Structures are given as structure tokens and as C-alpha cells.
$ cat protein_0.csv   # CSV, C-alpha atoms
chain,number,residue,atom,x,y,z
E,1,MET,CA,5.4,6.5,-13.0
E,2,SER,CA,9.0,6.8,-11.7
E,3,ALA,CA,9.2,6.5,-7.9
E,4,VAL,CA,11.5,8.7,-5.8
E,5,LEU,CA,12.7,7.1,-2.7
E,6,LEU,CA,14.0,8.6,0.5
E,7,THR,CA,15.6,6.2,3.1
E,8,ALA,CA,15.0,7.5,6.6
E,9,CYS,CA,17.6,6.0,8.9
E,10,THR,CA,16.9,6.7,12.6
E,11,GLY,CA,18.5,5.6,15.8
E,12,GLY,CA,20.9,8.5,16.2
E,13,LYS,CA,22.2,8.5,12.7
E,14,VAL,CA,22.7,11.8,10.8
E,15,ALA,CA,19.5,13.0,9.0
E,16,THR,CA,19.8,13.6,5.3
E,17,THR,CA,17.4,15.0,2.7
E,18,VAL,CA,16.6,13.6,-0.7
E,19,GLU,CA,14.5,15.7,-3.0
E,20,ALA,CA,12.4,14.6,-5.9
E,21,PRO,CA,13.1,16.5,-9.1
E,22,ALA,CA,10.6,19.4,-9.2
E,23,GLU,CA,10.4,19.3,-13.0
E,24,GLU,CA,9.2,15.7,-12.9
E,25,LEU,CA,6.9,15.5,-9.9
E,26,GLY,CA,6.7,18.9,-8.4
E,27,PHE,CA,7.3,17.6,-4.9
E,28,GLU,CA,10.3,17.6,-2.5
E,29,PHE,CA,10.9,15.6,0.6
E,30,GLU,CA,12.6,17.0,3.7
E,31,LYS,CA,13.4,14.7,6.6
E,32,THR,CA,14.4,15.4,10.2
E,33,VAL,CA,14.9,13.0,13.2
E,34,ASN,CA,14.1,14.0,16.8
E,35,GLU,CA,15.9,12.9,19.9
E,36,GLU,CA,13.6,9.9,20.4
E,37,GLY,CA,14.5,8.6,16.9
E,38,GLU,CA,11.1,9.5,15.4
E,39,THR,CA,11.2,10.7,11.8
E,40,SER,CA,9.3,13.6,10.3
E,41,VAL,CA,9.1,14.0,6.5
E,42,LYS,CA,7.8,17.2,5.1
E,43,VAL,CA,6.2,17.1,1.6
E,44,LYS,CA,6.9,20.4,-0.1
E,45,ARG,CA,6.8,22.3,-3.4
E,46,GLY,CA,9.2,25.1,-3.1
E,47,GLU,CA,8.5,26.8,0.3
E,48,ASN,CA,4.9,25.5,0.4
E,49,VAL,CA,4.6,22.6,2.8
E,50,PHE,CA,1.6,20.4,1.8
E,51,GLY,CA,1.8,18.0,4.8
E,52,ARG,CA,4.0,15.9,7.0
E,53,LEU,CA,4.6,12.2,7.6
E,54,ARG,CA,5.5,11.4,11.2
E,55,LEU,CA,7.1,7.9,11.5
E,56,ALA,CA,7.9,5.7,14.4
E,57,GLU,CA,11.5,4.9,15.2
E,58,GLY,CA,13.1,2.6,12.7
E,59,ASP,CA,14.4,2.4,9.1
E,60,TRP,CA,11.9,3.6,6.5
E,61,THR,CA,11.7,4.1,2.8
E,62,VAL,CA,9.4,7.1,1.8
E,63,GLY,CA,8.3,8.0,-1.7
E,64,ILE,CA,5.5,8.4,-4.2
E,65,TYR,CA,3.2,5.4,-3.9
E,66,ASP,CA,0.6,6.3,-6.6
E,67,LYS,CA,-0.1,9.3,-8.8
E,68,GLY,CA,-3.2,10.1,-10.7
E,69,PRO,CA,-4.8,13.2,-12.3
E,70,ARG,CA,-6.2,14.4,-9.0
E,71,TYR,CA,-4.6,12.5,-6.2
E,72,THR,CA,-1.0,11.8,-5.3
E,73,PHE,CA,-0.3,9.2,-2.7
E,74,PHE,CA,2.8,9.2,-0.6
E,75,GLY,CA,3.8,6.0,1.3
E,76,ALA,CA,6.3,5.1,4.1
E,77,THR,CA,7.4,1.4,4.1
E,78,PRO,CA,9.4,-0.1,7.0
E,79,ASN,CA,12.6,-1.8,5.8
E,80,GLY,CA,13.7,-5.3,6.7
E,81,LEU,CA,10.3,-6.9,7.5
E,82,GLY,CA,10.8,-9.8,5.1
E,83,GLY,CA,8.0,-11.7,3.4
E,84,ALA,CA,7.1,-12.0,-0.3
E,85,ILE,CA,8.4,-9.0,-2.2
E,86,ALA,CA,5.1,-8.9,-4.2
E,87,PHE,CA,3.3,-8.0,-1.0
E,88,ASP,CA,5.5,-5.2,0.2
E,89,GLY,CA,3.7,-2.0,0.9
E,90,PRO,CA,3.5,1.2,3.0
E,91,MET,CA,2.3,1.2,6.6
E,92,VAL,CA,1.9,4.9,6.6
E,93,ILE,CA,0.0,6.5,3.7
E,94,ALA,CA,-0.9,10.1,2.8
E,95,ARG,CA,-3.1,11.5,0.0
E,96,TYR,CA,-2.7,15.0,-1.5
E,97,ASP,CA,-5.8,16.3,-3.3
E,98,SER,CA,-4.7,18.8,-6.0
E,99,VAL,CA,-8.2,20.2,-6.2
E,100,THR,CA,-8.9,21.0,-2.6
E,101,GLU,CA,-5.2,20.9,-1.5
E,102,ASP,CA,-6.2,18.6,1.4
E,103,PHE,CA,-3.4,16.4,2.8
E,104,GLY,CA,-4.7,13.4,4.7
E,105,VAL,CA,-2.4,10.9,6.6
E,106,LYS,CA,-3.3,7.4,7.9
E,107,ASP,CA,-0.7,5.6,10.1
E,108,PHE,CA,-1.4,1.8,10.2
E,109,SER,CA,1.9,1.1,12.0
E,110,ARG,CA,0.5,2.2,15.3
E,111,SER,CA,-2.9,0.5,15.1
E,112,GLU,CA,-4.0,-2.5,17.2
E,113,TYR,CA,-3.7,-4.6,14.1
E,114,PRO,CA,-1.0,-2.9,12.0
E,115,GLY,CA,-2.0,-2.6,8.3
E,116,THR,CA,-0.2,-2.6,5.0
E,117,VAL,CA,-1.4,-0.7,2.0
E,118,ARG,CA,-2.0,-3.0,-1.1
E,119,GLY,CA,-3.5,-0.9,-3.8
E,120,VAL,CA,-5.4,2.2,-4.9
E,121,SER,CA,-8.5,2.4,-7.0
E,122,GLN,CA,-8.4,3.9,-10.5
E,123,ASP,CA,-10.1,7.1,-9.4
E,124,GLY,CA,-8.0,7.4,-6.2
E,125,GLU,CA,-11.1,7.3,-4.0
E,126,MET,CA,-10.7,3.8,-2.5
E,127,LEU,CA,-7.7,2.1,-0.9
E,128,ALA,CA,-7.2,-1.5,0.0
E,129,TYR,CA,-5.0,-2.7,2.9
E,130,THR,CA,-4.5,-5.9,4.9
E,131,ILE,CA,-4.5,-6.5,8.6
E,132,VAL,CA,-3.5,-9.6,10.5
E,133,THR,CA,-5.6,-10.6,13.4
E,134,GLU,CA,-5.9,-13.6,15.7
E,135,SER,CA,-8.3,-15.2,13.2
E,136,GLY,CA,-6.0,-14.6,10.1
E,137,VAL,CA,-5.4,-12.1,7.3
E,138,LYS,CA,-8.1,-9.7,6.3
E,139,MET,CA,-8.5,-7.4,3.2
E,140,VAL,CA,-10.0,-4.1,4.0
E,141,VAL,CA,-11.3,-1.7,1.4
E,142,ALA,CA,-11.7,1.9,2.6
E,143,LYS,CA,-14.2,3.9,0.6
E,144,ASP,CA,-12.7,7.0,2.1
E,145,LEU,CA,-9.6,6.3,4.1
E,146,PHE,CA,-9.6,9.7,5.8
E,147,ASP,CA,-13.3,9.7,6.9
E,148,ALA,CA,-13.7,7.8,10.1
E,149,ASN,CA,-17.4,7.2,9.3
E,150,ALA,CA,-16.9,6.0,5.8
E,151,ASP,CA,-17.7,2.4,4.7
E,152,ALA,CA,-14.8,0.0,5.0
E,153,PRO,CA,-15.9,-3.6,4.2
E,154,ILE,CA,-13.6,-6.4,5.4
E,155,TYR,CA,-13.0,-9.5,3.3
E,156,GLU,CA,-11.7,-12.7,4.9
E,157,VAL,CA,-8.6,-14.1,3.2
E,158,PRO,CA,-8.9,-18.0,3.3
E,159,ALA,CA,-7.1,-19.3,6.3
E,160,GLU,CA,-4.8,-21.5,4.1
E,161,PHE,CA,-2.9,-18.4,3.0
E,162,SER,CA,-0.5,-16.4,5.2
E,163,GLN,CA,-0.2,-13.3,3.0
E,164,ALA,CA,-2.4,-11.3,0.6
E,165,GLY,CA,-1.6,-8.4,-1.6
E,166,ALA,CA,-0.9,-7.2,-5.2
E,167,VAL,CA,-4.3,-5.6,-5.4
E,168,SER,CA,-5.7,-4.3,-8.6
E,169,PHE,CA,-9.0,-2.4,-9.1
E,170,SER,CA,-11.1,-2.7,-12.3
E,171,LYS,CA,-11.3,0.4,-14.5
E,172,ASP,CA,-14.9,1.1,-13.3
E,173,ASN,CA,-13.9,0.6,-9.7
E,174,LYS,CA,-16.6,-2.0,-9.2
E,175,LYS,CA,-14.3,-5.0,-8.7
E,176,MET,CA,-11.0,-5.7,-7.0
E,177,ALA,CA,-8.6,-8.6,-7.6
E,178,TYR,CA,-5.9,-9.7,-5.2
E,179,VAL,CA,-3.3,-12.4,-4.9
E,180,THR,CA,-2.6,-14.7,-2.0
E,181,TYR,CA,0.5,-16.6,-1.0
E,182,ASN,CA,1.6,-19.4,1.4
E,183,MET,CA,4.8,-21.3,1.9
E,184,GLU,CA,4.1,-25.0,2.0
E,185,PRO,CA,5.9,-27.6,4.2
E,186,ASP,CA,7.8,-28.9,1.2
E,187,ASP,CA,9.1,-25.4,0.5
E,188,SER,CA,6.8,-24.9,-2.5
E,189,GLU,CA,4.6,-21.8,-2.7
E,190,LYS,CA,0.8,-21.9,-3.0
E,191,THR,CA,-0.8,-18.9,-4.7
E,192,ALA,CA,-4.3,-18.0,-5.7
E,193,LEU,CA,-6.2,-15.1,-7.3
E,194,PHE,CA,-9.4,-13.8,-5.9
E,195,VAL,CA,-11.9,-11.3,-7.3
E,196,VAL,CA,-14.2,-9.2,-5.1
E,197,ASP,CA,-17.4,-7.6,-6.4
E,198,LEU,CA,-17.4,-4.4,-4.4
E,199,GLU,CA,-21.1,-3.8,-5.0
E,200,SER,CA,-22.5,-7.2,-3.9
E,201,GLY,CA,-19.6,-8.1,-1.6
E,202,GLU,CA,-19.2,-11.5,-3.3
E,203,GLN,CA,-15.7,-12.9,-3.3
E,204,ARG,CA,-14.6,-15.8,-5.6
E,205,GLU,CA,-11.4,-17.7,-6.4
E,206,VAL,CA,-10.6,-17.6,-10.1
E,207,ALA,CA,-7.2,-19.3,-10.2
E,208,ARG,CA,-4.7,-21.2,-8.0
E,209,ARG,CA,-1.4,-23.0,-8.5
E,210,THR,CA,1.6,-24.4,-6.6
E,211,VAL,CA,4.9,-23.0,-7.8
E,212,THR,CA,8.6,-22.9,-7.0
E,213,VAL,CA,10.3,-19.9,-5.5
E,214,THR,CA,11.7,-19.0,-9.0
E,215,GLN,CA,8.2,-19.1,-10.6
E,216,GLY,CA,6.6,-16.7,-8.2
E,217,VAL,CA,3.0,-15.7,-7.5
E,218,TYR,CA,0.4,-14.5,-9.9
E,219,THR,CA,0.9,-11.1,-11.5
E,220,ILE,CA,-2.2,-9.0,-12.4
E,221,LYS,CA,-1.6,-7.3,-15.8
E,222,GLY,CA,-4.8,-5.3,-16.2
E,223,TRP,CA,-8.6,-5.8,-16.8
E,224,GLU,CA,-10.7,-6.7,-19.8
E,225,ALA,CA,-14.5,-7.1,-19.9
E,226,GLY,CA,-14.7,-6.9,-16.1
E,227,ASN,CA,-12.1,-9.7,-15.6
E,228,PRO,CA,-8.5,-9.5,-14.4
E,229,LEU,CA,-5.7,-10.4,-16.9
E,230,PHE,CA,-3.0,-12.3,-15.1
E,231,GLU,CA,-0.1,-14.6,-15.5
$ encode --input "protein_0.csv" --output "C-alpha cells"
Amino acid sequence: MSAVLLTACTGGKVATTVEAPAEELGFEFEKTVNEEGETSVKVKRGENVFGRLRLAEGDWTVGIYDKGPRYTFFGATPNGLGGAIAFDGPMVIARYDSVTEDFGVKDFSRSEYPGTVRGVSQDGEMLAYTIVTESGVKMVVAKDLFDANADAPIYEVPAEFSQAGAVSFSKDNKKMAYVTYNMEPDDSEKTALFVVDLESGEQREVARRTVTVTQGVYTIKGWEAGNPLFE
């Protein structure tokens, strides 16, 4: 899927609009900035407005995060935060349901523990995101992100790792794999791959290695027989 990006520059700068080609995605983005520097991005198809992303002051990149047969996810990612590129992700997420035409928005950037979206399940019903608390990094799997009463189990990322991301769900949505990362004192990078059984809650480490910056972290390529394919 080709992503369409809109860079939302606030702080008194002139607002501009970047539209996704309707023949490719069927959606358009229209951005405005208020006097306080907050950004509002309308998601449109023609004159029909499906929903709106309201973003805090700052520099944001907005675009299509994931697109499936039923759901289209839109994400807003703050620019300039640093960290491992493999673990970049939106802090504001919206999901458009083409069947019900519902448009739900979740803003992790204003939470007590700001979250970053890491991946969407194959059926678009589950979403994984990370939060950083006083006790470390945690991976949260929301069974229904836009239902406050829905189940959202939390998995502890081992304390030896400072970041986690690059999430991939199995084809049957019963398992989830994610990659961890940490910069070591000798400037090498430690990375590991974990698999979570979403039915039993069991989490296990399946691989780890220490690499140089040029080698990078593990990359999940897909799934086969219930196991992640990675390199």
C-alpha cells in the first residue's frame, strides 16, 4: 500500500493542504491550524467529511497507517522524537469502518503515559501500542481500541530493553510478534524477538542478537505454521 503523507507544521506557520489521489485511496486530507497552534485534519471523500483528527501543537506527519478490506487506519506521528526508525509510529490513530461508516479516534499523545501505535491485526479488530511507565516499557493489545470497556491486556517488555515495536499479528490473529531494542554501553545494539499467545497470554523469547548500527534490529517478514518469519 502506498502511503500519502501530510506534514502539519504549526506554531504560526501558514497552513497548507495535501490531498491523497482520490482514484487511488478515495480519501482527501484538509488541514487547518488555530490561533493556539493546534492542528485539525479533516478526512474527506469529496464533500463528505468522515472524521477529524485534532492534534496538539507541534510538527506532525499524517497519513494512511494501514488499509484493509473493511477498515482504513489513519495515523498522526510527531516529527523529531528520535529513537530507532523501526519503532516509529503514530501517537494519534483513527479507524474508518467502510461497513458502518463509523470513524473512531484515539489520542495517545495526551494520555498520562503517552502511547505509540505499533501494529494492526490482520482483521483490523486489534491494535498494539506501547506505553512507557515508571516501571518500563509495556506492550498493550487493544481488542477494540474505541470501546472503553473492551479487553486490553498488557505485556511487560523485559527491563533490559528500552524500546519495543515492529509488531506483526499472525494470519489467524491468535499470536503477535514484536521486536525489542536497546543501545548498549559499547555502542552496540541488543535486539530480541518475542511471540505472545493472545489466547493464553504466554510470552516467550524466540531469538536475540547483538548487532552494529548498520546491521539493525530483527525484521518480521511474515508467518508460517503459526511462527514468525524473520531476519
$ closest_atom_pairs --input "protein_0.csv" --of "stretch 15-111 of chain E" --to "stretch 146-155 of chain E" --cutoff "9 Å" --atoms "only C-alpha atoms" --output "Markdown table"
| residue | atom | partner | partner_atom | distance |
| --- | --- | --- | --- | --- |
| E:Arg95 | CA | E:Phe146 | CA | 8.9 |
| E:Gly104 | CA | E:Phe146 | CA | 6.2 |
| E:Val105 | CA | E:Phe146 | CA | 7.3 |
| E:Lys106 | CA | E:Phe146 | CA | 7.0 |
$ closest_atom_pairs --input "protein_0.csv" --of "stretch 136-222 of chain E" --to "stretch 126-130 of chain E" --cutoff "7 Å" --atoms "all atoms listed in the file" --output "JSON lines"
{"residue": "E:Val137", "atom": "CA", "partner": "E:Thr130", "partner_atom": "CA", "distance": 6.7}
{"residue": "E:Lys138", "atom": "CA", "partner": "E:Thr130", "partner_atom": "CA", "distance": 5.4}
{"residue": "E:Met139", "atom": "CA", "partner": "E:Thr130", "partner_atom": "CA", "distance": 4.6}
{"residue": "E:Val140", "atom": "CA", "partner": "E:Tyr129", "partner_atom": "CA", "distance": 5.3}
{"residue": "E:Val141", "atom": "CA", "partner": "E:Ala128", "partner_atom": "CA", "distance": 4.3}
{"residue": "E:Ala142", "atom": "CA", "partner": "E:Leu127", "partner_atom": "CA", "distance": 5.3}
{"residue": "E:Lys143", "atom": "CA", "partner": "E:Met126", "partner_atom": "CA", "distance": 4.7}
{"residue": "E:Asp144", "atom": "CA", "partner": "E:Met126", "partner_atom": "CA", "distance": 5.9}
{"residue": "E:Leu145", "atom": "CA", "partner": "E:Leu127", "partner_atom": "CA", "distance": 6.8}
$ atom_distance --input "protein_0.csv" --atom1 "atom CA of E:Asn34" --atom2 "atom CA of E:Trp60"
14.8 Å
$ closest_residue --input "protein_0.csv" --among "E:Val217, E:Val41, E:Val33, E:Ala159" --to "E:Gly136" --atoms "only C-alpha atoms"
E:Ala159
$ atom_distance --input "protein_0.csv" --atom1 "atom CA of E:Phe103" --atom2 "atom CA of E:Phe50"
6.5 Å
$ closest_residue --input "protein_0.csv" --among "E:Leu198, E:Leu53, E:Ala76, E:Val211" --to "E:Met176" --atoms "all atoms listed in the file"
E:Leu198
$ atom_distance --input "protein_0.csv" --atom1 "atom CA of E:Asp97" --atom2 "atom CA of E:Lys221"
27.0 Å
$ closest_residue --input "protein_0.csv" --among "E:Gly68, E:Gly63, E:Pro114, E:Gly201" --to "E:Lys174" --atoms "all atoms listed in the file"
E:Gly201
$ residues_around --input "protein_0.csv" --residues "E:Gly165" --least-positions-apart "4" --cutoff "12 Å" --atoms "all atoms listed in the file" --output "number ranges by chain"
E: 83-90, 115-120, 128-131, 137-140, 157, 161, 176-182, 191-194, 217-220
$ write_last_selection --input "protein_0.csv" --atoms "C-alpha atoms" --output "short mmCIF file (atom, residue, chain, number, x, y, z; two decimals), keeping the file's coordinate frame"
data_model
loop_
_atom_site.label_atom_id
_atom_site.label_comp_id
_atom_site.auth_asym_id
_atom_site.auth_seq_id
_atom_site.Cartn_x
_atom_site.Cartn_y
_atom_site.Cartn_z
CA GLY E 83 8.00 -11.70 3.40
CA ALA E 84 7.10 -12.00 -0.30
CA ILE E 85 8.40 -9.00 -2.20
CA ALA E 86 5.10 -8.90 -4.20
CA PHE E 87 3.30 -8.00 -1.00
CA ASP E 88 5.50 -5.20 0.20
CA GLY E 89 3.70 -2.00 0.90
CA PRO E 90 3.50 1.20 3.00
CA GLY E 115 -2.00 -2.60 8.30
CA THR E 116 -0.20 -2.60 5.00
CA VAL E 117 -1.40 -0.70 2.00
CA ARG E 118 -2.00 -3.00 -1.10
CA GLY E 119 -3.50 -0.90 -3.80
CA VAL E 120 -5.40 2.20 -4.90
CA ALA E 128 -7.20 -1.50 0.00
CA TYR E 129 -5.00 -2.70 2.90
CA THR E 130 -4.50 -5.90 4.90
CA ILE E 131 -4.50 -6.50 8.60
CA VAL E 137 -5.40 -12.10 7.30
CA LYS E 138 -8.10 -9.70 6.30
CA MET E 139 -8.50 -7.40 3.20
CA VAL E 140 -10.00 -4.10 4.00
CA VAL E 157 -8.60 -14.10 3.20
CA PHE E 161 -2.90 -18.40 3.00
CA MET E 176 -11.00 -5.70 -7.00
CA ALA E 177 -8.60 -8.60 -7.60
CA TYR E 178 -5.90 -9.70 -5.20
CA VAL E 179 -3.30 -12.40 -4.90
CA THR E 180 -2.60 -14.70 -2.00
CA TYR E 181 0.50 -16.60 -1.00
CA ASN E 182 1.60 -19.40 1.40
CA THR E 191 -0.80 -18.90 -4.70
CA ALA E 192 -4.30 -18.00 -5.70
CA LEU E 193 -6.20 -15.10 -7.30
CA PHE E 194 -9.40 -13.80 -5.90
CA VAL E 217 3.00 -15.70 -7.50
CA TYR E 218 0.40 -14.50 -9.90
CA THR E 219 0.90 -11.10 -11.50
CA ILE E 220 -2.20 -9.00 -12.40
#
$ closest_residue --input "protein_0.csv" --among "E:Gln163, E:Gln203, E:Ser135, E:Gln122" --to "E:Asp66" --atoms "only C-alpha atoms"
E:Gln122
$ closest_residue --input "protein_0.csv" --among "E:Thr133, E:Thr100, E:Thr210, E:Ser188" --to "E:Arg70" --atoms "all atoms listed in the file"
E:Thr100
$ residues_around --input "protein_0.csv" --residues "E:Tyr96" --least-positions-apart "2" --cutoff "8 Å" --atoms "only C-alpha atoms" --output "PyMOL selection string"
chain E and resi 50+71-73+94+98+101-104
